[in-house]
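**Student:** My file is upload.txt. It has compact mmCIF, C-alpha atoms and all ligand atoms:
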```txt
# COMPACT_ATOMS: atom_id res chain seq x y z
CA MET M 803 20.90 -1.79 -18.70
CA PRO M 804 18.69 1.27 -18.83
CA ALA M 805 17.02 1.01 -15.37
CA THR M 806 18.40 -1.03 -12.51
CA VAL M 807 16.92 -1.16 -9.01
CA ILE M 808 19.18 -1.65 -6.02
CA VAL M 809 17.23 -2.90 -3.06
CA GLY M 810 18.11 -3.88 0.50
CA ALA M 811 17.30 -7.57 1.03
CA GLN M 812 17.29 -7.57 4.85
CA TRP M 813 16.40 -5.01 7.55
CA GLY M 814 18.38 -2.12 6.05
CA ASP M 815 22.05 -1.19 6.52
CA GLU M 816 23.11 -3.85 4.01
CA GLY M 817 25.77 -1.61 2.50
CA LYS M 818 23.67 -0.44 -0.47
CA GLY M 819 25.53 2.88 -0.57
CA LYS M 820 28.76 1.16 -1.44
CA ILE M 821 27.18 -0.95 -4.21
CA VAL M 822 25.36 2.08 -5.62
CA ASP M 823 28.64 3.99 -5.50
CA LEU M 824 30.31 1.22 -7.50
CA LEU M 825 27.55 0.83 -10.10
CA ALA M 826 27.14 4.60 -10.37
CA GLN M 827 30.46 4.65 -12.22
CA ASP M 828 28.67 3.17 -15.25
CA SER M 829 25.40 5.07 -14.76
CA ASP M 830 24.17 8.49 -15.74
CA LEU M 831 21.44 9.05 -13.15
CA VAL M 832 21.08 7.85 -9.57
CA CYS M 833 17.61 8.18 -8.01
CA ARG M 834 16.19 7.62 -4.54
CA TYR M 835 12.59 6.35 -4.60
CA GLN M 836 11.41 6.27 -0.97
CA GLY M 837 12.40 7.04 2.60
CA GLY M 838 13.98 10.15 3.97
CA PRO M 839 16.50 11.19 6.60
CA ASN M 840 15.99 7.87 8.39
CA ALA M 841 18.40 6.36 5.86
CA GLY M 842 22.14 6.60 6.13
CA HIS M 843 24.75 5.59 3.60
CA THR M 844 28.38 5.37 4.61
CA ILE M 845 30.92 5.53 1.80
CA VAL M 846 34.67 5.61 2.30
CA VAL M 847 36.61 7.41 -0.44
CA ASP M 848 40.41 7.48 -0.12
CA GLY M 849 40.14 7.09 3.64
CA ASP M 850 37.53 9.90 3.88
CA THR M 851 34.17 8.83 5.25
CA PHE M 852 30.99 10.32 3.80
CA LYS M 853 27.69 9.78 5.59
CA ILE M 854 24.80 10.68 3.35
CA ARG M 855 21.18 10.58 4.40
CA GLN M 856 18.96 12.07 1.71
CA ILE M 857 21.00 12.80 -1.38
CA PRO M 858 21.73 9.68 -3.51
CA SER M 859 25.28 8.47 -3.04
CA GLY M 860 25.85 8.93 -6.80
CA VAL M 861 26.59 12.56 -5.91
CA LEU M 862 30.10 11.42 -4.93
CA ARG M 863 30.66 10.25 -8.52
CA GLY M 864 29.41 13.54 -9.95
CA LYS M 865 26.26 11.92 -11.39
CA THR M 866 22.85 13.46 -11.92
CA CYS M 867 20.96 12.70 -8.71
CA VAL M 868 17.21 12.57 -8.22
CA ILE M 869 15.19 12.51 -5.02
CA GLY M 870 11.89 11.12 -6.24
CA ALA M 871 8.25 11.78 -5.40
CA GLY M 872 8.09 8.78 -3.06
CA CYS M 873 10.68 10.30 -0.72
CA VAL M 874 10.17 12.54 2.27
CA ILE M 875 12.58 15.44 2.76
CA ASP M 876 13.60 17.26 5.87
CA PRO M 877 14.72 20.58 4.33
CA GLU M 878 17.04 21.40 7.21
CA VAL M 879 18.77 18.01 6.96
CA PHE M 880 18.90 18.33 3.17
CA LEU M 881 20.62 21.71 3.28
CA ALA M 882 23.04 20.57 6.00
CA GLU M 883 23.99 17.71 3.68
CA VAL M 884 24.38 20.11 0.75
CA ASP M 885 26.67 22.33 2.86
CA GLU M 886 28.71 19.36 4.07
CA LEU M 887 29.18 18.01 0.53
CA GLU M 888 29.97 21.41 -1.00
CA GLY M 889 32.34 22.16 1.89
CA ARG M 890 34.26 19.00 1.02
CA GLY M 891 34.43 19.82 -2.66
CA VAL M 892 31.50 17.69 -3.88
CA SER M 893 29.13 19.63 -6.14
CA THR M 894 25.37 19.37 -5.57
CA GLY M 895 24.58 21.37 -8.70
CA ASP M 896 23.11 18.32 -10.45
CA VAL M 897 20.81 17.23 -7.59
CA HIS M 898 17.11 17.36 -8.46
CA LEU M 899 14.33 17.24 -5.90
CA SER M 900 10.81 16.16 -6.85
CA GLY M 901 8.18 18.80 -6.18
CA GLU M 902 5.84 15.95 -5.30
CA ALA M 903 7.97 14.67 -2.42
CA HIS M 904 6.63 15.47 1.03
CA LEU M 905 8.31 17.63 3.64
CA VAL M 906 9.17 16.37 7.09
CA MET M 907 7.97 19.24 9.25
CA PRO M 908 9.01 20.05 12.84
CA TRP M 909 5.71 18.65 14.15
CA HIS M 910 6.42 15.29 12.50
CA VAL M 911 9.68 15.02 14.40
CA ALA M 912 8.00 16.13 17.65
CA ILE M 913 5.16 13.62 17.21
CA ASP M 914 7.52 10.75 16.28
CA GLN M 915 9.51 11.37 19.47
CA ALA M 916 6.48 11.85 21.71
CA SER M 917 4.63 8.86 20.30
CA GLU M 918 7.60 6.52 20.83
CA ARG M 919 7.87 7.76 24.44
CA ARG M 920 4.18 7.16 24.92
CA LEU M 921 4.34 3.60 23.56
CA GLY M 922 6.98 2.74 26.20
CA SER M 923 7.84 -0.94 26.02
CA LEU M 924 5.68 -1.30 22.89
CA GLN M 925 7.73 1.24 20.94
CA ILE M 926 8.86 0.51 17.38
CA GLY M 927 12.33 1.91 17.88
CA THR M 928 12.03 4.43 15.05
CA THR M 929 14.86 6.75 14.06
CA LYS M 930 12.71 9.59 15.53
CA ARG M 931 13.19 11.66 12.37
CA GLY M 932 9.46 12.19 11.79
CA ILE M 933 9.19 9.63 8.99
CA GLY M 934 6.02 7.81 10.13
CA PRO M 935 4.02 10.95 10.95
CA CYS M 936 5.07 12.53 7.63
CA TYR M 937 3.94 9.54 5.52
CA ALA M 938 0.74 9.36 7.64
CA ASP M 939 -0.06 12.98 6.77
CA LYS M 940 0.69 12.28 3.11
CA ALA M 941 -1.92 9.48 3.11
CA ALA M 942 -4.34 11.67 5.06
CA ARG M 943 -3.81 14.43 2.47
CA LEU M 944 -2.62 16.86 5.09
CA GLY M 945 0.98 16.88 3.93
CA ILE M 946 3.08 19.81 2.79
CA ARG M 947 5.06 19.11 -0.37
CA VAL M 948 8.35 20.32 -1.74
CA GLN M 949 6.50 22.32 -4.42
CA ASP M 950 4.76 24.30 -1.68
CA LEU M 951 8.15 25.84 -0.96
CA LEU M 952 7.95 27.65 -4.29
CA ASP M 953 5.24 30.04 -3.12
CA ALA M 954 5.70 31.81 0.20
CA LYS M 955 1.98 32.60 0.54
CA ILE M 956 0.81 29.03 -0.07
CA LEU M 957 3.51 27.70 2.23
CA ARG M 958 2.43 29.94 5.08
CA GLN M 959 -1.25 29.04 4.58
CA LYS M 960 -0.55 25.30 4.62
CA ILE M 961 1.61 25.56 7.71
CA GLU M 962 -1.12 27.51 9.47
CA VAL M 963 -3.80 24.92 8.68
CA ALA M 964 -1.64 21.94 9.61
CA LEU M 965 -0.21 23.48 12.76
CA ALA M 966 -3.65 24.39 14.14
CA GLU M 967 -4.42 20.66 14.23
CA LYS M 968 -0.96 19.38 15.16
CA ASN M 969 -0.67 21.66 18.17
CA VAL M 970 -3.84 20.14 19.62
CA TRP M 971 -2.24 16.71 19.29
CA LEU M 972 1.07 17.84 20.73
CA GLU M 973 -0.51 19.49 23.75
CA ARG M 974 -3.52 17.35 24.52
CA VAL M 975 -2.50 13.89 23.39
CA TYR M 976 1.24 13.92 23.95
CA GLY M 977 1.51 16.59 26.67
CA VAL M 978 4.39 18.41 24.99
CA PRO M 979 4.69 22.15 24.23
CA PRO M 980 2.99 23.39 21.04
CA LEU M 981 5.00 24.85 18.16
CA ASP M 982 4.93 28.56 17.43
CA LEU M 983 3.42 29.41 14.04
CA GLU M 984 5.59 32.47 13.40
CA GLU M 985 8.74 30.63 14.32
CA VAL M 986 7.99 27.57 12.15
CA ALA M 987 6.81 29.65 9.18
CA GLY M 988 9.87 31.94 9.42
CA GLN M 989 12.27 28.98 9.55
CA LEU M 990 10.63 27.26 6.62
CA GLU M 991 10.65 30.39 4.49
CA THR M 992 14.39 30.82 5.12
CA LEU M 993 15.05 27.19 4.18
CA ALA M 994 12.72 27.46 1.16
CA GLN M 995 14.85 30.19 -0.38
CA ARG M 996 17.76 27.79 -0.70
CA VAL M 997 15.84 24.58 -1.47
CA ARG M 998 13.94 26.15 -4.40
CA SER M 999 16.78 25.89 -6.85
CA TYR M 1000 16.84 22.09 -6.45
CA VAL M 1001 13.12 21.56 -7.21
CA ASP M 1002 12.34 19.92 -10.54
CA ASP M 1003 9.90 17.71 -12.48
CA THR M 1004 11.97 14.64 -11.73
CA ALA M 1005 9.58 12.05 -13.24
CA LEU M 1006 9.94 13.83 -16.60
CA LEU M 1007 13.69 14.08 -16.15
CA VAL M 1008 14.00 10.31 -15.55
CA ASP M 1009 11.68 9.51 -18.46
CA ARG M 1010 13.71 11.68 -20.83
CA ALA M 1011 16.93 10.10 -19.64
CA LEU M 1012 15.57 6.59 -20.27
CA ARG M 1013 14.30 7.58 -23.72
CA ALA M 1014 17.73 8.91 -24.54
CA GLY M 1015 19.21 5.50 -23.61
CA ARG M 1016 20.91 6.81 -20.49
CA ARG M 1017 21.54 4.41 -17.63
CA VAL M 1018 19.52 4.94 -14.49
CA LEU M 1019 20.05 3.46 -11.04
CA LEU M 1020 17.07 3.43 -8.71
CA GLU M 1021 18.29 3.27 -5.15
CA GLY M 1022 16.11 1.94 -2.34
CA ALA M 1023 16.48 2.98 1.28
CA GLN M 1024 16.03 0.69 4.30
CA GLY M 1025 15.35 -2.94 3.36
CA THR M 1026 12.74 -5.49 2.30
CA LEU M 1027 11.85 -6.62 5.82
CA LEU M 1028 11.12 -2.98 6.77
CA ASP M 1029 8.58 -2.68 3.92
CA LEU M 1030 5.26 -1.25 5.11
CA ASP M 1031 3.18 -3.98 3.43
CA HIS M 1032 5.45 -7.01 3.27
CA GLY M 1033 7.89 -6.47 6.13
CA THR M 1034 7.70 -7.42 9.78
CA TYR M 1035 4.80 -5.08 10.55
CA PRO M 1036 4.44 -3.10 12.81
CA PHE M 1037 8.24 -3.04 13.24
CA VAL M 1038 8.75 -1.51 9.80
CA THR M 1039 9.26 1.87 8.24
CA SER M 1040 6.35 3.82 6.73
CA SER M 1041 7.14 3.46 3.05
CA SER M 1042 7.28 0.64 0.56
CA THR M 1043 10.91 -0.36 0.30
CA VAL M 1044 10.59 -3.17 -2.27
CA ALA M 1045 11.75 -2.94 -5.87
CA ALA M 1046 8.28 -2.58 -7.39
CA ASN M 1047 7.92 0.73 -5.58
CA ALA M 1048 10.92 2.12 -7.44
CA ALA M 1049 8.67 2.73 -10.44
CA ILE M 1050 6.03 4.48 -8.35
CA GLY M 1051 8.53 6.41 -6.28
CA VAL M 1052 10.22 8.03 -9.26
CA GLY M 1053 7.17 8.04 -11.55
CA ILE M 1054 7.95 5.63 -14.41
CA GLY M 1055 6.14 2.53 -15.67
CA PRO M 1056 7.14 -0.81 -14.12
CA ASN M 1057 8.14 -2.16 -17.54
CA ARG M 1058 11.04 0.33 -17.63
CA ILE M 1059 12.90 -1.66 -14.96
CA ASP M 1060 15.36 -4.18 -16.38
CA ARG M 1061 17.32 -5.52 -13.43
CA VAL M 1062 16.89 -5.81 -9.70
CA ILE M 1063 20.05 -6.17 -7.65
CA GLY M 1064 19.51 -7.23 -4.04
CA VAL M 1065 22.07 -6.21 -1.46
CA ALA M 1066 22.51 -8.47 1.56
CA LYS M 1067 25.12 -8.58 4.27
CA ALA M 1068 26.95 -11.88 4.80
CA TYR M 1069 25.25 -11.85 8.21
CA VAL M 1070 22.19 -9.87 9.35
CA THR M 1071 21.63 -6.74 11.43
CA ARG M 1072 18.53 -5.04 12.68
CA VAL M 1073 18.04 -1.70 14.44
CA GLY M 1074 15.02 -1.05 16.61
CA GLU M 1075 12.51 -3.47 18.03
CA GLY M 1076 10.84 -6.52 16.54
CA PRO M 1077 11.42 -10.25 16.12
CA PHE M 1078 14.80 -11.39 14.82
CA PRO M 1079 15.12 -15.22 14.72
CA THR M 1080 18.86 -15.45 14.01
CA GLU M 1081 19.94 -12.81 16.55
CA ILE M 1082 23.20 -14.16 18.00
CA GLN M 1083 23.11 -15.19 21.63
CA GLY M 1084 26.34 -14.82 23.57
CA PRO M 1085 29.66 -13.02 22.99
CA ASP M 1086 29.74 -13.56 19.19
CA GLN M 1087 27.04 -10.88 18.87
CA GLU M 1088 29.38 -8.26 20.33
CA ARG M 1089 32.24 -9.60 18.19
CA VAL M 1090 30.27 -9.23 14.98
CA ARG M 1091 29.13 -5.74 16.05
CA GLU M 1092 32.68 -4.56 16.75
CA LEU M 1093 34.23 -6.18 13.67
CA GLY M 1094 31.46 -4.90 11.42
CA GLY M 1095 31.22 -1.44 13.04
CA GLU M 1096 27.51 -2.08 13.46
CA PHE M 1097 26.35 1.23 14.89
CA GLY M 1098 23.62 3.29 13.21
CA THR M 1099 24.71 5.98 10.72
CA VAL M 1100 21.75 8.19 11.65
CA THR M 1101 21.16 7.44 15.32
CA GLY M 1102 24.45 5.88 16.47
CA ARG M 1103 22.41 3.06 18.02
CA GLU M 1104 23.95 -0.38 18.40
CA ARG M 1105 22.66 -2.70 15.70
CA ARG M 1106 21.46 -6.13 16.75
CA CYS M 1107 23.54 -8.77 14.94
CA GLY M 1108 22.54 -12.21 13.70
CA TRP M 1109 23.73 -15.08 11.53
CA LEU M 1110 22.71 -15.17 7.89
CA ASP M 1111 19.02 -16.01 7.50
CA LEU M 1112 18.34 -17.76 4.19
CA VAL M 1113 14.61 -18.09 4.83
CA ALA M 1114 14.25 -14.32 5.03
CA LEU M 1115 16.66 -13.80 2.14
CA ARG M 1116 14.74 -16.18 -0.13
CA TYR M 1117 11.61 -14.19 0.73
CA ALA M 1118 13.42 -10.99 -0.32
CA VAL M 1119 14.48 -12.59 -3.62
CA ARG M 1120 10.85 -13.52 -4.30
CA LEU M 1121 9.26 -10.21 -3.25
CA ASN M 1122 11.64 -8.03 -5.20
CA GLY M 1123 12.23 -10.22 -8.24
CA ILE M 1124 15.95 -10.04 -7.48
CA THR M 1125 18.00 -10.98 -10.56
CA SER M 1126 21.40 -10.98 -8.81
CA LEU M 1127 22.81 -10.31 -5.38
CA ALA M 1128 25.65 -8.34 -3.89
CA LEU M 1129 26.88 -9.91 -0.67
CA THR M 1130 28.54 -7.26 1.50
CA LYS M 1131 30.89 -7.32 4.48
CA LEU M 1132 32.05 -10.90 3.96
CA ASP M 1133 35.38 -9.85 5.53
CA VAL M 1134 33.66 -9.44 8.91
CA LEU M 1135 33.15 -13.22 9.02
CA SER M 1136 36.84 -13.92 8.43
CA HIS M 1137 37.44 -14.27 12.14
CA PHE M 1138 35.11 -17.14 12.97
CA ASP M 1139 35.95 -20.88 13.03
CA GLU M 1140 32.39 -21.89 12.23
CA LEU M 1141 29.51 -20.04 10.59
CA PRO M 1142 25.94 -21.00 11.39
CA VAL M 1143 23.52 -20.30 8.53
CA CYS M 1144 19.75 -20.44 9.06
CA VAL M 1145 18.20 -22.74 6.44
CA ALA M 1146 14.69 -23.17 7.87
CA TYR M 1147 12.42 -22.02 10.71
CA ARG M 1148 10.91 -24.34 13.29
CA LEU M 1149 7.34 -23.26 14.03
CA ARG M 1150 5.42 -23.53 17.31
CA ASP M 1151 3.84 -26.84 16.31
CA GLY M 1152 7.30 -28.34 15.79
CA SER M 1153 7.12 -28.37 11.98
CA GLU M 1154 9.87 -26.90 9.81
CA THR M 1155 9.32 -24.39 7.03
CA HIS M 1156 11.52 -22.91 4.34
CA GLU M 1157 9.04 -20.12 3.63
CA PHE M 1158 8.88 -16.82 5.48
CA PRO M 1159 5.78 -16.93 7.74
CA ALA M 1160 2.92 -14.82 6.45
CA HIS M 1161 1.52 -14.23 9.93
CA GLN M 1162 3.15 -12.10 12.59
CA SER M 1163 2.63 -14.50 15.49
CA ASP M 1164 4.23 -17.40 13.57
CA PHE M 1165 7.26 -15.24 12.86
CA HIS M 1166 7.46 -14.11 16.49
CA HIS M 1167 7.59 -17.68 17.73
CA CYS M 1168 9.72 -19.37 15.09
CA ARG M 1169 13.19 -20.70 15.92
CA PRO M 1170 16.09 -20.87 13.45
CA VAL M 1171 17.30 -24.22 12.11
CA TYR M 1172 21.02 -23.89 11.40
CA GLU M 1173 23.54 -25.64 9.22
CA THR M 1174 27.10 -24.91 10.23
CA LEU M 1175 29.69 -24.11 7.58
CA ALA M 1176 33.44 -23.88 8.04
CA GLY M 1177 34.92 -20.41 8.55
CA TRP M 1178 38.22 -19.08 7.17
CA GLN M 1179 41.03 -17.14 8.76
CA GLU M 1180 42.72 -15.63 5.70
CA PRO M 1181 42.03 -11.96 4.89
CA LEU M 1182 39.82 -11.56 1.84
CA GLU M 1183 41.57 -10.32 -1.24
CA TYR M 1184 40.89 -10.78 -4.91
CA GLU M 1185 41.22 -14.56 -4.60
CA LEU M 1186 38.64 -15.68 -2.05
CA PRO M 1187 39.66 -18.58 0.24
CA GLU M 1188 38.04 -21.94 -0.48
CA ALA M 1189 35.78 -21.83 2.61
CA ALA M 1190 34.48 -18.38 1.59
CA ARG M 1191 33.71 -19.74 -1.88
CA VAL M 1192 31.82 -22.64 -0.30
CA TYR M 1193 29.85 -20.16 1.85
CA ILE M 1194 28.88 -18.18 -1.25
CA ALA M 1195 27.98 -21.26 -3.30
CA PHE M 1196 25.83 -22.55 -0.42
CA ILE M 1197 23.85 -19.28 -0.38
CA GLU M 1198 23.41 -19.26 -4.16
CA ARG M 1199 22.07 -22.82 -4.13
CA ALA M 1200 19.62 -22.05 -1.31
CA LEU M 1201 18.35 -18.90 -2.99
CA GLY M 1202 18.42 -19.95 -6.61
CA ALA M 1203 20.05 -16.58 -7.34
CA GLU M 1204 23.54 -15.56 -8.41
CA ILE M 1205 25.90 -13.58 -6.21
CA THR M 1206 27.82 -11.31 -8.56
CA LEU M 1207 29.54 -8.90 -6.17
CA VAL M 1208 31.18 -9.53 -2.81
CA GLY M 1209 32.15 -6.76 -0.38
CA THR M 1210 35.50 -7.43 1.28
CA GLY M 1211 36.26 -4.23 3.19
CA ALA M 1212 35.13 -0.68 3.94
CA GLU M 1213 37.04 1.05 1.13
CA ARG M 1214 35.31 1.92 -2.13
CA GLU M 1215 37.56 -0.52 -4.07
CA SER M 1216 37.05 -3.47 -1.71
CA VAL M 1217 34.57 -5.35 -3.89
CA VAL M 1218 35.22 -8.61 -5.72
CA SER M 1219 33.30 -9.21 -8.92
CA LEU M 1220 32.51 -12.89 -9.28
CA ARG M 1221 31.19 -12.94 -12.81
P1 LIG C 1301 11.39 4.95 10.97
O1 LIG C 1301 11.72 4.66 9.54
O2 LIG C 1301 12.27 6.03 11.56
O3 LIG C 1301 9.94 5.21 11.20
O4 LIG C 1301 11.74 3.62 11.82
C1 LIG C 1301 10.99 2.44 11.68
C2 LIG C 1301 11.87 1.21 11.77
O5 LIG C 1301 12.72 1.19 10.64
C3 LIG C 1301 12.81 1.17 13.00
O6 LIG C 1301 12.97 -0.17 13.39
C4 LIG C 1301 14.09 1.72 12.47
O7 LIG C 1301 15.21 1.29 13.22
C5 LIG C 1301 14.09 1.12 11.07
N1 LIG C 1301 14.88 1.91 10.11
C6 LIG C 1301 14.55 3.06 9.50
N2 LIG C 1301 15.51 3.47 8.68
C7 LIG C 1301 16.48 2.53 8.74
C8 LIG C 1301 17.73 2.37 8.08
O8 LIG C 1301 18.16 3.17 7.23
N3 LIG C 1301 18.44 1.27 8.43
C9 LIG C 1301 18.00 0.35 9.32
N4 LIG C 1301 16.83 0.46 9.95
C10 LIG C 1301 16.08 1.54 9.67
```
Would you mind writing the file out in structure tokens?

**Tutor:**
Amino acid sequence: MPATVIVGAQWGDEGKGKIVDLLAQDSDLVCRYQGGPNAGHTIVVDGDTFKIRQIPSGVLRGKTCVIGAGCVIDPEVFLAEVDELEGRGVSTGDVHLSGEAHLVMPWHVAIDQASERRLGSLQIGTTKRGIGPCYADKAARLGIRVQDLLDAKILRQKIEVALAEKNVWLERVYGVPPLDLEEVAGQLETLAQRVRSYVDDTALLVDRALRAGRRVLLEGAQGTLLDLDHGTYPFVTSSSTVAANAAIGVGIGPNRIDRVIGVAKAYVTRVGEGPFPTEIQGPDQERVRELGGEFGTVTGRERRCGWLDLVALRYAVRLNGITSLALTKLDVLSHFDELPVCVAYRLRDGSETHEFPAHQSDFHHCRPVYETLAGWQEPLEYELPEAARVYIAFIERALGAEITLVGTGAERESVVSLR
């Protein structure tokens, strides 16, 4: 299995970190292909919790880690993560940062925050980490890249040009104080001195690894329904989260990818605004949130919780070309007598569909059609209870895809391999 993509099949927070951590054992390289400090992976190792935002979780297994060209990097967050990991005895010496990745600058964070405030009730509910404004500048060719950190003179020049424009926006459009050039340039230069040693030609590094027959994991951030093109726009992130973008984001040909593993929770969560057909109404929502610890890794926000949505999951299987699935957090459902599963959507005209609506207004107005499966009360161990097996088989039939891994608890080892 030279190159395997691991992709979130819902709205993010599916527990990809844990699956990557597991598969990293048999891999040589672990690469991130998009996103930035909006992501958050929680991994529990021997009772110790690690929350990682930018560095691939393979770092905990001592693997070569790559942050690819398709990512955006906040250098301050990156170095804080480096310090945290090193301070806890995890080496970051084999972490490689693409020079083509873009930098999240202080003005991106300021604009993300101000623009959400300005949108009021129409806000997207972003993580306010500057992700959208950073990717927007990348597309507008105004971005500052990791490689610009290598030359103090170029860095200063680019900051000067960008800030002259951004300060007009900050002051006149958003009514917030401008940023001081000397202060920003000074801070960046200090950060640059430490980030430089991590900068590399990561596309070449990955290519060489694949040619040498080494095993590469390509790790997506967020999830399919947050994809900029195919997700629930405009309530999405600003990068392409789907598996096909793994090739672009690290800089290899699409024919180098052999397997696509989708990661889905046994229920669904969503952070931020936007339609969510299976959002649970009533006290079970709070129950799922508490049992599943559904609070954001990055923002601490409460995640909205819903029953499993097979219409959306089938869409994710199709969009990503998912070859097998990991179903995480099945243990959270152990406490329910009955488990509703959404098998279709009812549209405004009363018709039922099994396909994810292509148009935003259809999705906004659709209602879930549920089938109710029996729950189980036993704790999940290596032998899954009969009702849990029925739940899994039901999902596999509906999706036409195999579930090969099942998450049964927070600890690193709490994963059951089905095949
Ligand atoms: P942004 O990525 O910060 O611009 O946020 C855009 C949308 O994506 C918001 O609804 C966020 O809550 C959501 N989002 C971004 N990153 C994550 C993540 O790692 N998990 C879940 N939702 C996320």

**Student:** Counting only C-alpha atoms and all ligand atoms, which protein, DNA or RNA residues come within 9 Å of ligand LIG 1301 (chain C), given as JSON, numbers by chain?

**Tutor:** {"M": [813, 814, 815, 816, 837, 838, 839, 840, 841, 842, 843, 855, 914, 926, 927, 928, 929, 930, 931, 932, 933, 934, 935, 1023, 1024, 1025, 1028, 1029, 1036, 1037, 1038, 1039, 1040, 1041, 1071, 1072, 1073, 1074, 1075, 1076, 1098, 1099, 1100, 1101, 1103, 1105]}

**Student:** Dump C-alpha atoms for the selected residues as a JSON list (two decimals), in the coordinates of the input?

**Tutor:**
```json
[["chain", "number", "residue", "atom", "x", "y", "z"],
["M", 813, "TRP", "CA", 16.40, -5.01, 7.55],
["M", 814, "GLY", "CA", 18.38, -2.12, 6.05],
["M", 815, "ASP", "CA", 22.05, -1.19, 6.52],
["M", 816, "GLU", "CA", 23.11, -3.85, 4.01],
["M", 837, "GLY", "CA", 12.40, 7.04, 2.60],
["M", 838, "GLY", "CA", 13.98, 10.15, 3.97],
["M", 839, "PRO", "CA", 16.50, 11.19, 6.60],
["M", 840, "ASN", "CA", 15.99, 7.87, 8.39],
["M", 841, "ALA", "CA", 18.40, 6.36, 5.86],
["M", 842, "GLY", "CA", 22.14, 6.60, 6.13],
["M", 843, "HIS", "CA", 24.75, 5.59, 3.60],
["M", 855, "ARG", "CA", 21.18, 10.58, 4.40],
["M", 914, "ASP", "CA", 7.52, 10.75, 16.28],
["M", 926, "ILE", "CA", 8.86, 0.51, 17.38],
["M", 927, "GLY", "CA", 12.33, 1.91, 17.88],
["M", 928, "THR", "CA", 12.03, 4.43, 15.05],
["M", 929, "THR", "CA", 14.86, 6.75, 14.06],
["M", 930, "LYS", "CA", 12.71, 9.59, 15.53],
["M", 931, "ARG", "CA", 13.19, 11.66, 12.37],
["M", 932, "GLY", "CA", 9.46, 12.19, 11.79],
["M", 933, "ILE", "CA", 9.19, 9.63, 8.99],
["M", 934, "GLY", "CA", 6.02, 7.81, 10.13],
["M", 935, "PRO", "CA", 4.02, 10.95, 10.95],
["M", 1023, "ALA", "CA", 16.48, 2.98, 1.28],
["M", 1024, "GLN", "CA", 16.03, 0.69, 4.30],
["M", 1025, "GLY", "CA", 15.35, -2.94, 3.36],
["M", 1028, "LEU", "CA", 11.12, -2.98, 6.77],
["M", 1029, "ASP", "CA", 8.58, -2.68, 3.92],
["M", 1036, "PRO", "CA", 4.44, -3.10, 12.81],
["M", 1037, "PHE", "CA", 8.24, -3.04, 13.24],
["M", 1038, "VAL", "CA", 8.75, -1.51, 9.80],
["M", 1039, "THR", "CA", 9.26, 1.87, 8.24],
["M", 1040, "SER", "CA", 6.35, 3.82, 6.73],
["M", 1041, "SER", "CA", 7.14, 3.46, 3.05],
["M", 1071, "THR", "CA", 21.63, -6.74, 11.43],
["M", 1072, "ARG", "CA", 18.53, -5.04, 12.68],
["M", 1073, "VAL", "CA", 18.04, -1.70, 14.44],
["M", 1074, "GLY", "CA", 15.02, -1.05, 16.61],
["M", 1075, "GLU", "CA", 12.51, -3.47, 18.03],
["M", 1076, "GLY", "CA", 10.84, -6.52, 16.54],
["M", 1098, "GLY", "CA", 23.62, 3.29, 13.21],
["M", 1099, "THR", "CA", 24.71, 5.98, 10.72],
["M", 1100, "VAL", "CA", 21.75, 8.19, 11.65],
["M", 1101, "THR", "CA", 21.16, 7.44, 15.32],
["M", 1103, "ARG", "CA", 22.41, 3.06, 18.02],
["M", 1105, "ARG", "CA", 22.66, -2.70, 15.70]]
```

**Student:** As an exercise, work out the distance from CA of Phe880 (chain M) to CA of Ile854 (chain M) in Å and give it to one decimal place.

**Tutor:**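 A separation of 9.7 Å between them.
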
**Student:** Which is closest to Gly1084 (chain M) among M:Val906, M:Leu1149, M:Ala942, M:Gly1108, if we use all atoms listed in the file?

**Tutor:** M:Gly1108

**Student:** When distances are computed from all atoms listed in the file, which of M:Cys1168, M:Pro1085, M:Val1143, M:Gln1162 shows the smallest separation from Phe1196 (chain M)?

**Tutor:**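 Closest candidate: M:Val1143.
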
**Student:** When you draw a straight line from CA of Phe1158 (chain M) to CA of Leu1115 (chain M), how long is it in Å?

**Tutor:**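 We find that CA of Phe1158 (chain M) and CA of Leu1115 (chain M) lie 9.0 Å from each other.
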
**Student:** To one decimal place, how far is CA of Ala1203 (chain M) from CA of Ser1219 (chain M) in Å?

**Tutor:**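 A separation of 15.2 Å between them.
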
**Student:** As a ChimeraX atom specification, please: the residues near His910 (chain M) (cut-off 12 Å, only C-alpha atoms, same-chain neighbours under 3 positions excluded).

**Tutor:** /M:874-876,904-907,913-917,930-940,944-946,964-965,968-969,971-972,981

**Student:** Wanna dump the region 820-924 of chain M-region 1046-1050 of chain M contacts at 10 Å for me, each residue with its shortest atom pair and the distance in Å to one decimal, counting all atoms listed in the file, ordered by chain and number, as a tab-separated table?

**Tutor:**
```
residue	atom	partner	partner_atom	distance
M:Cys833	CA	M:Ala1048	CA	9.0
M:Arg834	CA	M:Ala1048	CA	8.2
M:Tyr835	CA	M:Ala1048	CA	5.4
M:Gln836	CA	M:Ala1048	CA	7.7
M:Gly870	CA	M:Ile1050	CA	9.1
M:Ala871	CA	M:Ile1050	CA	8.2
M:Gly872	CA	M:Ile1050	CA	7.1
```

**Student:** Rank M:Gly860, M:Gly988, M:Gly977, M:Gly891 by their smallest atom-to-atom distance to Ile961 (chain M), using only C-alpha atoms, and report the top residue only.

**Tutor:**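 Using only C-alpha atoms, Ile961 (chain M) sits closest to M:Gly988.
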
**Student:** Show me as a ChimeraX atom specification the residues that reach within 12 Å of (18.1, 8.3, -13.5), counting all atoms listed in the file and using the file's own coordinates.

**Tutor:** /M:803-807,826,828-835,858,860,865-870,896-898,1004-1021,1048-1049,1052-1054,1058-1059
